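Okay, start.pdb now, which holds PDB, C-alpha atoms and all ligand atoms:
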```pdb
ATOM      1  CA  MET A 163      93.660 106.611  94.301
ATOM      2  CA  ALA A 164      90.040 105.953  95.207
ATOM      3  CA  PHE A 165      87.140 104.804  93.141
ATOM      4  CA  SER A 166      83.666 103.717  94.016
ATOM      5  CA  ASN A 167      81.519 100.698  93.553
ATOM      6  CA  HIS A 168      80.296 101.264  90.027
ATOM      7  CA  HIS A 169      81.788  98.562  87.840
ATOM      8  CA  GLU A 170      78.903  96.366  86.888
ATOM      9  CA  GLY A 171      79.963  92.770  87.116
ATOM     10  CA  MET A 172      82.856  93.080  89.568
ATOM     11  CA  HIS A 173      81.925  92.703  93.229
ATOM     12  CA  TYR A 174      83.631  95.785  94.650
ATOM     13  CA  GLU A 175      82.715  96.719  98.201
ATOM     14  CA  GLY A 176      83.171 100.242  99.565
ATOM     15  CA  THR A 177      86.037 102.553  98.700
ATOM     16  CA  CYS A 178      88.970 100.682  97.220
ATOM     17  CA  ILE A 179      92.483 101.957  96.639
ATOM     18  CA  ARG A 180      95.392 100.837  94.508
ATOM     19  CA  PRO A 181      98.909 102.181  93.906
ATOM     20  CA  PRO A 182      99.202 104.823  91.143
ATOM     21  CA  SER A 183     101.374 102.421  89.143
ATOM     22  CA  GLU A 184      98.488  99.927  88.973
ATOM     23  CA  ALA A 185      96.220 102.358  87.111
ATOM     24  CA  ASN A 186      95.968 100.071  84.084
ATOM     25  CA  SER A 187      95.608  96.830  85.975
ATOM     26  CA  ILE A 188      92.665  94.529  86.485
ATOM     27  CA  LEU A 189      91.579  95.244  90.062
ATOM     28  CA  LEU A 190      90.516  92.097  91.859
ATOM     29  CA  GLN A 191      89.133  92.624  95.353
ATOM     30  CA  ALA A 192      89.906  89.445  97.289
ATOM     31  CA  THR A 193      89.833  90.927 100.795
ATOM     32  CA  VAL A 194      87.703  93.655 102.271
ATOM     33  CA  GLY A 195      89.539  96.171 104.439
ATOM     34  CA  CYS A 196      92.865  95.743 106.221
ATOM     35  CA  SER A 197      93.614  93.032 108.800
ATOM     36  CA  HIS A 198      95.750  95.440 110.830
ATOM     37  CA  ASN A 199      93.601  98.564 110.608
ATOM     38  CA  LYS A 200      95.340 100.260 113.539
ATOM     39  CA  CYS A 201      97.710 102.815 112.022
ATOM     40  CA  THR A 202      96.866 106.175 113.563
ATOM     41  CA  PHE A 203      97.106 108.117 110.298
ATOM     42  CA  CYS A 204      95.099 105.759 108.102
ATOM     43  CA  GLY A 205      91.413 106.204 107.490
ATOM     44  CA  THR A 206      91.138 104.116 104.344
ATOM     45  CA  TYR A 207      89.368 101.076 105.698
ATOM     46  CA  LYS A 208      87.888 102.360 108.942
ATOM     47  CA  GLU A 209      84.371 101.564 107.801
ATOM     48  CA  LYS A 210      85.265  98.048 106.700
ATOM     49  CA  ARG A 211      85.489  94.984 108.885
ATOM     50  CA  PHE A 212      88.284  92.820 107.551
ATOM     51  CA  ARG A 213      87.419  89.594 105.793
ATOM     52  CA  ILE A 214      88.557  87.457 102.928
ATOM     53  CA  LYS A 215      85.884  87.147 100.272
ATOM     54  CA  ASP A 216      84.354  83.819  99.330
ATOM     55  CA  ASN A 217      86.114  81.845  96.632
ATOM     56  CA  ASP A 218      83.040  81.812  94.396
ATOM     57  CA  VAL A 219      82.847  85.639  94.454
ATOM     58  CA  ILE A 220      86.571  85.906  93.681
ATOM     59  CA  LEU A 221      86.260  83.379  90.866
ATOM     60  CA  SER A 222      83.232  85.130  89.433
ATOM     61  CA  ASP A 223      85.256  88.376  89.244
ATOM     62  CA  ILE A 224      88.168  86.571  87.581
ATOM     63  CA  LEU A 225      85.742  85.108  85.034
ATOM     64  CA  TYR A 226      84.157  88.536  84.482
ATOM     65  CA  ALA A 227      87.624  89.998  83.900
ATOM     66  CA  SER A 228      88.400  87.145  81.503
ATOM     67  CA  ARG A 229      85.443  88.254  79.382
ATOM     68  CA  TYR A 230      85.805  92.019  79.501
ATOM     69  CA  MET A 231      89.411  92.798  80.474
ATOM     70  CA  LYS A 232      91.317  89.929  78.956
ATOM     71  CA  HIS A 233      93.653  92.256  77.034
ATOM     72  CA  LEU A 234      95.165  93.680  80.248
ATOM     73  CA  ASP A 235      98.505  92.239  81.323
ATOM     74  CA  ARG A 236      98.596  93.330  84.959
ATOM     75  CA  LEU A 237      96.382  92.525  87.900
ATOM     76  CA  PHE A 238      96.298  94.022  91.377
ATOM     77  CA  ILE A 239      94.736  92.183  94.318
ATOM     78  CA  MET A 240      92.961  94.480  96.796
ATOM     79  CA  ASP A 241      92.307  95.563  99.575
ATOM     80  CA  GLY A 242      94.746  96.762 102.199
ATOM     81  CA  ASP A 243      97.031  93.828 102.730
ATOM     82  CA  ALA A 244      95.993  91.010 100.430
ATOM     83  CA  LEU A 245      99.232  89.163 101.172
ATOM     84  CA  ILE A 246      97.611  88.260 104.502
ATOM     85  CA  ILE A 247      95.461  85.724 102.622
ATOM     86  CA  PRO A 248      96.666  82.281 103.739
ATOM     87  CA  TYR A 249      99.026  80.605 101.316
ATOM     88  CA  PRO A 250      96.696  77.881  99.948
ATOM     89  CA  ARG A 251      93.994  80.399  99.022
ATOM     90  CA  LEU A 252      96.387  82.917  97.571
ATOM     91  CA  LYS A 253      97.955  80.133  95.536
ATOM     92  CA  TRP A 254      94.505  79.142  94.297
ATOM     93  CA  ILE A 255      93.709  82.766  93.319
ATOM     94  CA  LEU A 256      96.946  83.019  91.336
ATOM     95  CA  GLU A 257      96.253  79.677  89.671
ATOM     96  CA  MET A 258      92.783  80.866  88.655
ATOM     97  CA  VAL A 259      94.255  84.102  87.292
ATOM     98  CA  ARG A 260      96.788  82.118  85.312
ATOM     99  CA  GLU A 261      94.134  79.783  83.944
ATOM    100  CA  HIS A 262      91.523  82.388  82.998
ATOM    101  CA  LEU A 263      93.668  85.466  82.350
ATOM    102  CA  PRO A 264      96.691  84.051  80.540
ATOM    103  CA  ARG A 265      97.828  87.497  79.381
ATOM    104  CA  VAL A 266      98.464  88.699  82.935
ATOM    105  CA  ARG A 267     102.226  88.963  83.337
ATOM    106  CA  ARG A 268     102.383  90.555  86.770
ATOM    107  CA  VAL A 269     100.212  90.383  89.866
ATOM    108  CA  GLY A 270     100.680  92.964  92.634
ATOM    109  CA  VAL A 271      99.524  93.211  96.260
ATOM    110  CA  TYR A 272      99.780  95.563  99.204
ATOM    111  CA  ALA A 273     101.474  94.020 102.219
ATOM    112  CA  ASN A 274     102.251  94.785 105.815
ATOM    113  CA  SER A 275     104.914  93.041 107.860
ATOM    114  CA  LYS A 276     102.510  90.447 109.278
ATOM    115  CA  GLY A 277     101.376  89.288 105.864
ATOM    116  CA  ILE A 278     104.998  88.719 104.854
ATOM    117  CA  ARG A 279     105.938  87.107 108.178
ATOM    118  CA  LEU A 280     103.169  84.524 107.838
ATOM    119  CA  LYS A 281     104.558  83.248 104.526
ATOM    120  CA  SER A 282     107.664  81.110 104.372
ATOM    121  CA  GLU A 283     110.311  82.074 101.868
ATOM    122  CA  GLU A 284     109.522  78.922  99.949
ATOM    123  CA  GLU A 285     105.851  79.906  99.775
ATOM    124  CA  LEU A 286     106.733  83.383  98.566
ATOM    125  CA  ARG A 287     108.866  81.822  95.859
ATOM    126  CA  GLU A 288     105.979  79.567  94.820
ATOM    127  CA  LEU A 289     103.702  82.615  94.661
ATOM    128  CA  ARG A 290     106.262  84.386  92.525
ATOM    129  CA  ASP A 291     106.371  81.420  90.166
ATOM    130  CA  LEU A 292     102.586  81.725  89.879
ATOM    131  CA  GLY A 293     102.829  85.382  88.861
ATOM    132  CA  LEU A 294     103.150  87.444  92.057
ATOM    133  CA  GLY A 295     105.566  90.007  90.686
ATOM    134  CA  ILE A 296     105.452  93.015  92.988
ATOM    135  CA  VAL A 297     104.719  93.690  96.655
ATOM    136  CA  TYR A 298     103.836  97.217  97.806
ATOM    137  CA  PHE A 299     105.076  97.394 101.369
ATOM    138  CA  GLY A 300     103.949 100.187 103.725
ATOM    139  CA  VAL A 301     106.982 101.073 105.841
ATOM    140  CA  GLU A 302     106.221 104.767 106.587
ATOM    141  CA  THR A 303     109.367 105.377 108.662
ATOM    142  CA  GLY A 304     112.550 103.748 109.897
ATOM    143  CA  ASP A 305     112.323 105.523 113.276
ATOM    144  CA  ASP A 306     111.269 103.060 115.997
ATOM    145  CA  GLN A 307     109.776 105.758 118.223
ATOM    146  CA  THR A 308     107.571 106.950 115.389
ATOM    147  CA  LEU A 309     106.650 103.395 114.355
ATOM    148  CA  GLU A 310     105.390 102.828 117.884
ATOM    149  CA  ALA A 311     103.541 106.143 117.976
ATOM    150  CA  ILE A 312     101.690 105.414 114.747
ATOM    151  CA  ARG A 313     100.969 101.785 115.795
ATOM    152  CA  LYS A 314     102.451 100.270 112.687
ATOM    153  CA  GLY A 315     102.780  96.922 114.424
ATOM    154  CA  ALA A 316     106.479  96.433 113.633
ATOM    155  CA  ASN A 317     109.831  97.985 114.455
ATOM    156  CA  ALA A 318     112.467  98.955 111.906
ATOM    157  CA  GLN A 319     114.359  95.665 112.224
ATOM    158  CA  ARG A 320     111.204  93.659 111.532
ATOM    159  CA  LEU A 321     110.367  95.852 108.556
ATOM    160  CA  LEU A 322     113.879  95.367 107.212
ATOM    161  CA  ASP A 323     113.729  91.598 107.643
ATOM    162  CA  MET A 324     110.380  91.419 105.863
ATOM    163  CA  GLY A 325     111.495  93.604 102.969
ATOM    164  CA  LEU A 326     114.616  91.477 102.480
ATOM    165  CA  LYS A 327     112.507  88.323 102.598
ATOM    166  CA  VAL A 328     110.362  89.555  99.694
ATOM    167  CA  LYS A 329     113.479  90.395  97.707
ATOM    168  CA  ARG A 330     115.117  87.036  98.403
ATOM    169  CA  ALA A 331     112.007  85.382  96.976
ATOM    170  CA  GLY A 332     112.653  87.215  93.708
ATOM    171  CA  ILE A 333     109.606  89.489  93.999
ATOM    172  CA  GLN A 334     109.930  93.194  93.189
ATOM    173  CA  LEU A 335     109.662  95.417  96.233
ATOM    174  CA  SER A 336     108.019  98.827  96.259
ATOM    175  CA  VAL A 337     108.186 100.633  99.598
ATOM    176  CA  THR A 338     106.033 103.506 100.761
ATOM    177  CA  VAL A 339     107.359 106.053 103.275
ATOM    178  CA  LEU A 340     105.562 109.069 104.676
ATOM    179  CA  LEU A 341     106.935 112.595 104.781
ATOM    180  CA  GLY A 342     105.693 114.415 107.868
ATOM    181  CA  ILE A 343     104.687 111.303 109.839
ATOM    182  CA  ALA A 344     107.085 111.981 112.732
ATOM    183  CA  GLY A 345     105.820 115.545 113.198
ATOM    184  CA  ALA A 346     107.899 118.697 113.130
ATOM    185  CA  GLU A 347     110.122 117.832 116.084
ATOM    186  CA  ARG A 348     111.358 114.423 114.939
ATOM    187  CA  SER A 349     111.269 115.290 111.263
ATOM    188  CA  LEU A 350     114.993 114.952 110.549
ATOM    189  CA  ILE A 351     115.473 111.976 112.884
ATOM    190  CA  HIS A 352     112.710 110.207 110.949
ATOM    191  CA  ALA A 353     114.220 111.235 107.619
ATOM    192  CA  LYS A 354     117.661 109.876 108.518
ATOM    193  CA  ALA A 355     116.396 106.642 110.069
ATOM    194  CA  THR A 356     114.137 106.062 107.065
ATOM    195  CA  GLY A 357     116.995 106.658 104.653
ATOM    196  CA  GLU A 358     119.120 104.163 106.589
ATOM    197  CA  LEU A 359     116.353 101.572 106.530
ATOM    198  CA  LEU A 360     115.825 102.074 102.798
ATOM    199  CA  SER A 361     119.553 101.722 102.174
ATOM    200  CA  ALA A 362     119.653  98.428 104.060
ATOM    201  CA  MET A 363     116.517  97.138 102.341
ATOM    202  CA  ASP A 364     117.508  98.381  98.866
ATOM    203  CA  PRO A 365     114.021  98.159  97.309
ATOM    204  CA  ASP A 366     113.295  98.528  93.596
ATOM    205  CA  TYR A 367     110.997 101.490  94.174
ATOM    206  CA  VAL A 368     110.447 103.993  96.961
ATOM    207  CA  GLY A 369     107.338 106.137  97.030
ATOM    208  CA  ALA A 370     107.629 109.025  99.495
ATOM    209  CA  LEU A 371     104.143 110.378 100.048
ATOM    210  CA  THR A 372     103.310 113.458 102.043
ATOM    211  CA  LEU A 373     101.165 112.829 105.088
ATOM    212  CA  MET A 374      97.641 114.101 104.812
ATOM    213  CA  ILE A 375      95.603 114.348 107.978
ATOM    214  CA  ILE A 376      92.465 112.277 107.513
ATOM    215  CA  PRO A 377      89.324 113.289 109.413
ATOM    216  CA  GLY A 378      88.261 110.786 112.052
ATOM    217  CA  THR A 379      91.721 109.274 112.604
ATOM    218  CA  PRO A 380      93.609 109.254 115.945
ATOM    219  CA  LEU A 381      96.243 111.447 114.311
ATOM    220  CA  GLU A 382      93.649 114.110 113.666
ATOM    221  CA  ASP A 383      92.820 114.078 117.397
ATOM    222  CA  ASP A 384      96.521 114.465 118.204
ATOM    223  CA  LEU A 385      96.763 117.408 115.840
ATOM    224  CA  ALA A 386      93.679 119.067 117.333
ATOM    225  CA  ALA A 387      95.003 118.538 120.879
ATOM    226  CA  GLY A 388      98.387 120.003 119.983
ATOM    227  CA  ARG A 389     100.248 116.706 120.505
ATOM    228  CA  PHE A 390     101.286 116.594 116.871
ATOM    229  CA  GLN A 391     102.531 119.312 114.527
ATOM    230  CA  LEU A 392     103.101 118.925 110.835
ATOM    231  CA  PRO A 393     106.344 120.317 109.436
ATOM    232  CA  ASP A 394     105.736 123.442 107.342
ATOM    233  CA  ASN A 395     106.539 123.480 103.628
ATOM    234  CA  GLU A 396     110.187 124.265 104.159
ATOM    235  CA  GLY A 397     110.383 121.627 106.882
ATOM    236  CA  MET A 398     108.927 119.050 104.494
ATOM    237  CA  LEU A 399     111.509 119.959 101.893
ATOM    238  CA  ARG A 400     114.329 119.645 104.458
ATOM    239  CA  GLU A 401     112.916 116.296 105.515
ATOM    240  CA  LEU A 402     112.822 115.102 101.919
ATOM    241  CA  ARG A 403     116.391 116.323 101.429
ATOM    242  CA  GLU A 404     117.632 114.475 104.493
ATOM    243  CA  MET A 405     115.817 111.332 103.405
ATOM    244  CA  ILE A 406     117.278 111.376  99.903
ATOM    245  CA  ALA A 407     120.732 112.167 101.336
ATOM    246  CA  SER A 408     120.552 109.270 103.812
ATOM    247  CA  THR A 409     119.295 106.826 101.208
ATOM    248  CA  GLY A 410     121.662 104.777  99.090
ATOM    249  CA  LEU A 411     120.096 102.381  96.596
ATOM    250  CA  SER A 412     121.936 100.171  94.163
ATOM    251  CA  ARG A 413     119.582 100.937  91.266
ATOM    252  CA  GLY A 414     116.188 101.853  92.702
ATOM    253  CA  LEU A 415     113.838 104.628  91.734
ATOM    254  CA  PHE A 416     112.849 107.079  94.455
ATOM    255  CA  PHE A 417     109.818 109.184  93.729
ATOM    256  CA  SER A 418     107.717 111.624  95.611
ATOM    257  CA  ASN A 419     104.481 112.510  93.878
ATOM    258  CA  HIS A 420     103.305 115.181  96.199
ATOM    259  CA  ALA A 421     106.035 116.427  98.473
ATOM    260  CA  SER A 422     105.984 119.928  99.935
ATOM    261  CA  ASN A 423     104.472 122.397  97.503
ATOM    262  CA  TYR A 424     103.429 119.376  95.464
ATOM    263  CA  LEU A 425     106.780 118.900  93.829
ATOM    264  CA  PRO A 426     107.154 115.822  91.700
ATOM    265  CA  VAL A 427     110.536 114.317  92.506
ATOM    266  CA  LYS A 428     111.989 111.363  90.683
ATOM    267  CA  VAL A 429     115.482 110.181  91.505
ATOM    268  CA  ARG A 430     117.143 107.253  89.767
ATOM    269  CA  TYR A 431     119.793 105.944  92.157
ATOM    270  CA  PRO A 432     122.673 106.033  92.336
ATOM    271  CA  GLN A 433     123.468 108.541  89.595
ATOM    272  CA  GLY A 434     120.571 110.960  90.164
ATOM    273  CA  LYS A 435     121.126 111.527  93.870
ATOM    274  CA  GLU A 436     123.621 114.399  93.810
ATOM    275  CA  GLN A 437     121.648 116.339  91.238
ATOM    276  CA  ALA A 438     118.462 115.966  93.276
ATOM    277  CA  LEU A 439     120.197 117.191  96.435
ATOM    278  CA  HIS A 440     121.665 120.126  94.561
ATOM    279  CA  LEU A 441     118.280 121.151  93.235
ATOM    280  CA  ILE A 442     116.640 120.872  96.659
ATOM    281  CA  ASP A 443     119.436 123.032  98.098
ATOM    282  CA  MET A 444     118.797 125.642  95.430
ATOM    283  CA  ALA A 445     115.106 125.587  96.266
ATOM    284  CA  LEU A 446     115.852 125.972  99.965
ATOM    285  CA  GLU A 447     118.047 128.977  99.150
ATOM    286  CA  GLY A 448     115.271 130.459  97.055
ATOM    287  CA  LYS A 449     117.346 130.217  93.885
ATOM    288  CA  VAL A 450     114.849 128.146  91.926
ATOM    289  CA  GLY A 451     111.109 128.538  91.910
ATOM    290  CA  LEU A 452     109.039 125.767  93.390
ATOM    291  CA  ARG A 453     107.206 125.011  90.203
ATOM    292  CA  PRO A 454     105.736 121.584  89.664
ATOM    293  CA  GLU A 455     108.257 120.511  87.056
ATOM    294  CA  TRP A 456     111.471 121.908  88.485
ATOM    295  CA  LEU A 457     112.809 118.824  90.140
ATOM    296  CA  ARG A 458     113.047 116.011  87.704
ATOM    297  CA  ALA A 459     116.386 114.431  88.425
ATOM    298  CA  LEU A 460     116.070 111.404  86.223
TER     299      LEU A 460
HETATM  300  S1  LIG A 501      98.506  98.548 107.452
HETATM  301 FE1  LIG A 501      98.132 100.018 105.757
HETATM  302  S2  LIG A 501      95.933  99.859 105.278
HETATM  303 FE2  LIG A 501      96.270  98.862 107.264
HETATM  304  S3  LIG A 501      95.833 100.456 108.802
HETATM  305 FE3  LIG A 501      98.044 100.513 108.397
HETATM  306  S4  LIG A 501      98.303 102.032 106.742
HETATM  307 FE4  LIG A 501      96.109 101.482 106.802
END
```

When written as structure tokens, how does the structure in this file appear?
Amino acid sequence: MAFSNHHEGMHYEGTCIRPPSEANSILLQATVGCSHNKCTFCGTYKEKRFRIKDNDVILSDILYASRYMKHLDRLFIMDGDALIIPYPRLKWILEMVREHLPRVRRVGVYANSKGIRLKSEEELRELRDLGLGIVYFGVETGDDQTLEAIRKGANAQRLLDMGLKVKRAGIQLSVTVLLGIAGAERSLIHAKATGELLSAMDPDYVGALTLMIIPGTPLEDDLAAGRFQLPDNEGMLRELREMIASTGLSRGLFFSNHASNYLPVKVRYPQGKEQALHLIDMALEGKVGLRPEWLRAL
């Protein structure tokens, strides 16, 4: 979800993104760009050099929000991996939010594995006590070969350890995985490995997004040179099926906003899994139309 620098009073720089579920949140930009900025498929922050914004700019935005958005009860800290902000500063930001925006009940951030690794469990717990309620963790795949190819900066074991660390700290965990990221050839290997990683991590939410090739990224070069092929629509659906089949969650919600043919899929584990698989099978056999609303296995 992108928006531009138009909100008079808040110091937004460049294109900013936030998870769909943070649509009604106060958006506080505390970092510019992403500290990793190496993933081969990601073009979001290519034009931004990573930095943490000055405290006075951050505070001025919090004060602006306290005047004009004080009724909102959620806040999302941008940009790419705001959890990378060192503990003392992140603690200070949360304290300022608490002081000036007392209605805010939940603060969310994007995170990559490094941002989680650099916080102790005790620090994460302190941040939770100050309002950090949800971490959106970009995992993309559980397949080590693909993780290396896309330069995610972590293998599956590290991703698992970091996800479990967030959960142990009592913070909600929302994981993003990417349909199509392993290409056509490794599609089902990626789906299975990702399902196994999700099962071991047992997050509260899984968002399976469909890979879009972004102009100017290394992945676009690979596609142009024939080193990478996207699965076709049926392949994407088979990949999604394998992923859902390989995933076991104790009570999580698995959703895919724009899977192949732009199907909205929403599976409440564990009870919704079989119904979702059944419906995907029917679609693969051509027995149900691929209309936007057909697969709502709630
Ligand atoms: S960690 Fe996230 S924001 Fe940063 S380059 Fe990778 S996908 Fe993009």

Proximity of chain A to ligand LIG 501 (chain A): per-residue shortest pair, 9 Å limit, only C-alpha atoms and all ligand atoms, as JSON lines:
```
{"residue": "A:Gly195", "atom": "CA", "partner": "A:LIG501", "partner_atom": "S2", "distance": 7.4}
{"residue": "A:Cys196", "atom": "CA", "partner": "A:LIG501", "partner_atom": "FE2", "distance": 4.7}
{"residue": "A:Ser197", "atom": "CA", "partner": "A:LIG501", "partner_atom": "FE2", "distance": 6.6}
{"residue": "A:His198", "atom": "CA", "partner": "A:LIG501", "partner_atom": "FE2", "distance": 5.0}
{"residue": "A:Asn199", "atom": "CA", "partner": "A:LIG501", "partner_atom": "S3", "distance": 3.4}
{"residue": "A:Lys200", "atom": "CA", "partner": "A:LIG501", "partner_atom": "S3", "distance": 4.8}
{"residue": "A:Cys201", "atom": "CA", "partner": "A:LIG501", "partner_atom": "FE3", "distance": 4.3}
{"residue": "A:Thr202", "atom": "CA", "partner": "A:LIG501", "partner_atom": "S3", "distance": 7.5}
{"residue": "A:Phe203", "atom": "CA", "partner": "A:LIG501", "partner_atom": "S4", "distance": 7.1}
{"residue": "A:Cys204", "atom": "CA", "partner": "A:LIG501", "partner_atom": "FE4", "distance": 4.6}
{"residue": "A:Gly205", "atom": "CA", "partner": "A:LIG501", "partner_atom": "FE4", "distance": 6.7}
{"residue": "A:Thr206", "atom": "CA", "partner": "A:LIG501", "partner_atom": "FE4", "distance": 6.1}
{"residue": "A:Tyr207", "atom": "CA", "partner": "A:LIG501", "partner_atom": "S2", "distance": 6.7}
{"residue": "A:Lys208", "atom": "CA", "partner": "A:LIG501", "partner_atom": "S3", "distance": 8.2}
{"residue": "A:Asp241", "atom": "CA", "partner": "A:LIG501", "partner_atom": "S2", "distance": 8.0}
{"residue": "A:Gly242", "atom": "CA", "partner": "A:LIG501", "partner_atom": "S2", "distance": 4.5}
{"residue": "A:Asp243", "atom": "CA", "partner": "A:LIG501", "partner_atom": "S2", "distance": 6.6}
{"residue": "A:Tyr272", "atom": "CA", "partner": "A:LIG501", "partner_atom": "FE1", "distance": 8.1}
{"residue": "A:Ala273", "atom": "CA", "partner": "A:LIG501", "partner_atom": "S1", "distance": 7.5}
{"residue": "A:Asn274", "atom": "CA", "partner": "A:LIG501", "partner_atom": "S1", "distance": 5.6}
{"residue": "A:Ser275", "atom": "CA", "partner": "A:LIG501", "partner_atom": "S1", "distance": 8.5}
{"residue": "A:Phe299", "atom": "CA", "partner": "A:LIG501", "partner_atom": "FE1", "distance": 8.6}
{"residue": "A:Gly300", "atom": "CA", "partner": "A:LIG501", "partner_atom": "FE1", "distance": 6.2}
{"residue": "A:Val301", "atom": "CA", "partner": "A:LIG501", "partner_atom": "S4", "distance": 8.8}
{"residue": "A:Glu302", "atom": "CA", "partner": "A:LIG501", "partner_atom": "S4", "distance": 8.4}
{"residue": "A:Ile312", "atom": "CA", "partner": "A:LIG501", "partner_atom": "FE3", "distance": 8.8}
{"residue": "A:Arg313", "atom": "CA", "partner": "A:LIG501", "partner_atom": "FE3", "distance": 8.1}
{"residue": "A:Lys314", "atom": "CA", "partner": "A:LIG501", "partner_atom": "FE3", "distance": 6.2}
{"residue": "A:Gly315", "atom": "CA", "partner": "A:LIG501", "partner_atom": "S1", "distance": 8.3}
```

Just C-alpha atoms for this one: save the residues we selected as an mmCIF file, in the frame of the given file.
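This went into again-v9.cif:
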```cif
data_model
loop_
_atom_site.group_PDB
_atom_site.id
_atom_site.type_symbol
_atom_site.label_atom_id
_atom_site.label_comp_id
_atom_site.auth_asym_id
_atom_site.auth_seq_id
_atom_site.Cartn_x
_atom_site.Cartn_y
_atom_site.Cartn_z
ATOM 1 C CA GLY A 195 89.539 96.171 104.439
ATOM 2 C CA CYS A 196 92.865 95.743 106.221
ATOM 3 C CA SER A 197 93.614 93.032 108.800
ATOM 4 C CA HIS A 198 95.750 95.440 110.830
ATOM 5 C CA ASN A 199 93.601 98.564 110.608
ATOM 6 C CA LYS A 200 95.340 100.260 113.539
ATOM 7 C CA CYS A 201 97.710 102.815 112.022
ATOM 8 C CA THR A 202 96.866 106.175 113.563
ATOM 9 C CA PHE A 203 97.106 108.117 110.298
ATOM 10 C CA CYS A 204 95.099 105.759 108.102
ATOM 11 C CA GLY A 205 91.413 106.204 107.490
ATOM 12 C CA THR A 206 91.138 104.116 104.344
ATOM 13 C CA TYR A 207 89.368 101.076 105.698
ATOM 14 C CA LYS A 208 87.888 102.360 108.942
ATOM 15 C CA ASP A 241 92.307 95.563 99.575
ATOM 16 C CA GLY A 242 94.746 96.762 102.199
ATOM 17 C CA ASP A 243 97.031 93.828 102.730
ATOM 18 C CA TYR A 272 99.780 95.563 99.204
ATOM 19 C CA ALA A 273 101.474 94.020 102.219
ATOM 20 C CA ASN A 274 102.251 94.785 105.815
ATOM 21 C CA SER A 275 104.914 93.041 107.860
ATOM 22 C CA PHE A 299 105.076 97.394 101.369
ATOM 23 C CA GLY A 300 103.949 100.187 103.725
ATOM 24 C CA VAL A 301 106.982 101.073 105.841
ATOM 25 C CA GLU A 302 106.221 104.767 106.587
ATOM 26 C CA ILE A 312 101.690 105.414 114.747
ATOM 27 C CA ARG A 313 100.969 101.785 115.795
ATOM 28 C CA LYS A 314 102.451 100.270 112.687
ATOM 29 C CA GLY A 315 102.780 96.922 114.424
#
```

Please evaluate the PyMOL selection byres (((chain A and resi 188) around 8) and not hetatm) against the displayed coordinates and give the resulting residues as a list in words.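 Against this file, the PyMOL selection byres (((chain A and resi 188) around 8) and not hetatm) returns the residues Asn186, Ser187, Leu189, Leu190, Ala227, Met231, Leu234, Arg236, Leu237 and Phe238 of chain A.
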
Expected axis-aligned box over every listed atom of region 437-447 of chain A, 4 Å added per side, centre plus edges in Å to one decimal, as AutoDock Vina command-line options:
```
--center_x 118.4 --center_y 122.5 --center_z 95.6 --size_x 14.6 --size_y 21.0 --size_z 16.7
```

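For the structure in this document, the set picked by the PyMOL selection byres (((chain A and resi 415-418) around 7) and not hetatm) is Asp366, Tyr367, Val368, Gly369, Ala370, Leu371, Arg413, Gly414, Asn419, His420, Ala421, Pro426, Val427, Lys428, Val429, Arg430 and Tyr431 of chain A.
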
Evaluate the PyMOL selection byres (((chain A and resi 409) around 10) and not hetatm) against this structure - the residues, as a VMD selection string, please. chain A and resid 353 to 362 364 403 to 408 410 to 411 416 431 to 432 435

Take region 383-390 of chain A, model N, CA, C and O atoms, and hand the result over as a compact mmCIF listing (two decimals), in the frame of the given file.
```txt
# COMPACT_ATOMS: atom_id res chain seq x y z
N ASP A 383 93.03 113.69 115.99
CA ASP A 383 92.82 114.08 117.40
C ASP A 383 94.10 114.65 117.98
O ASP A 383 94.08 115.65 118.70
N ASP A 384 95.23 113.99 117.68
CA ASP A 384 96.52 114.46 118.20
C ASP A 384 96.83 115.86 117.70
O ASP A 384 97.33 116.71 118.44
N LEU A 385 96.52 116.09 116.43
CA LEU A 385 96.76 117.41 115.84
C LEU A 385 95.89 118.46 116.53
O LEU A 385 96.36 119.53 116.93
N ALA A 386 94.62 118.12 116.71
CA ALA A 386 93.68 119.07 117.33
C ALA A 386 94.09 119.37 118.77
O ALA A 386 93.93 120.49 119.26
N ALA A 387 94.64 118.35 119.46
CA ALA A 387 95.00 118.54 120.88
C ALA A 387 96.40 119.14 121.03
O ALA A 387 96.86 119.34 122.15
N GLY A 388 97.06 119.38 119.92
CA GLY A 388 98.39 120.00 119.98
C GLY A 388 99.50 119.01 120.29
O GLY A 388 100.63 119.40 120.56
N ARG A 389 99.21 117.71 120.25
CA ARG A 389 100.25 116.71 120.50
C ARG A 389 101.07 116.40 119.26
O ARG A 389 102.07 115.72 119.31
N PHE A 390 100.60 116.87 118.13
CA PHE A 390 101.29 116.59 116.87
C PHE A 390 101.29 117.85 116.02
O PHE A 390 100.26 118.51 115.89
```
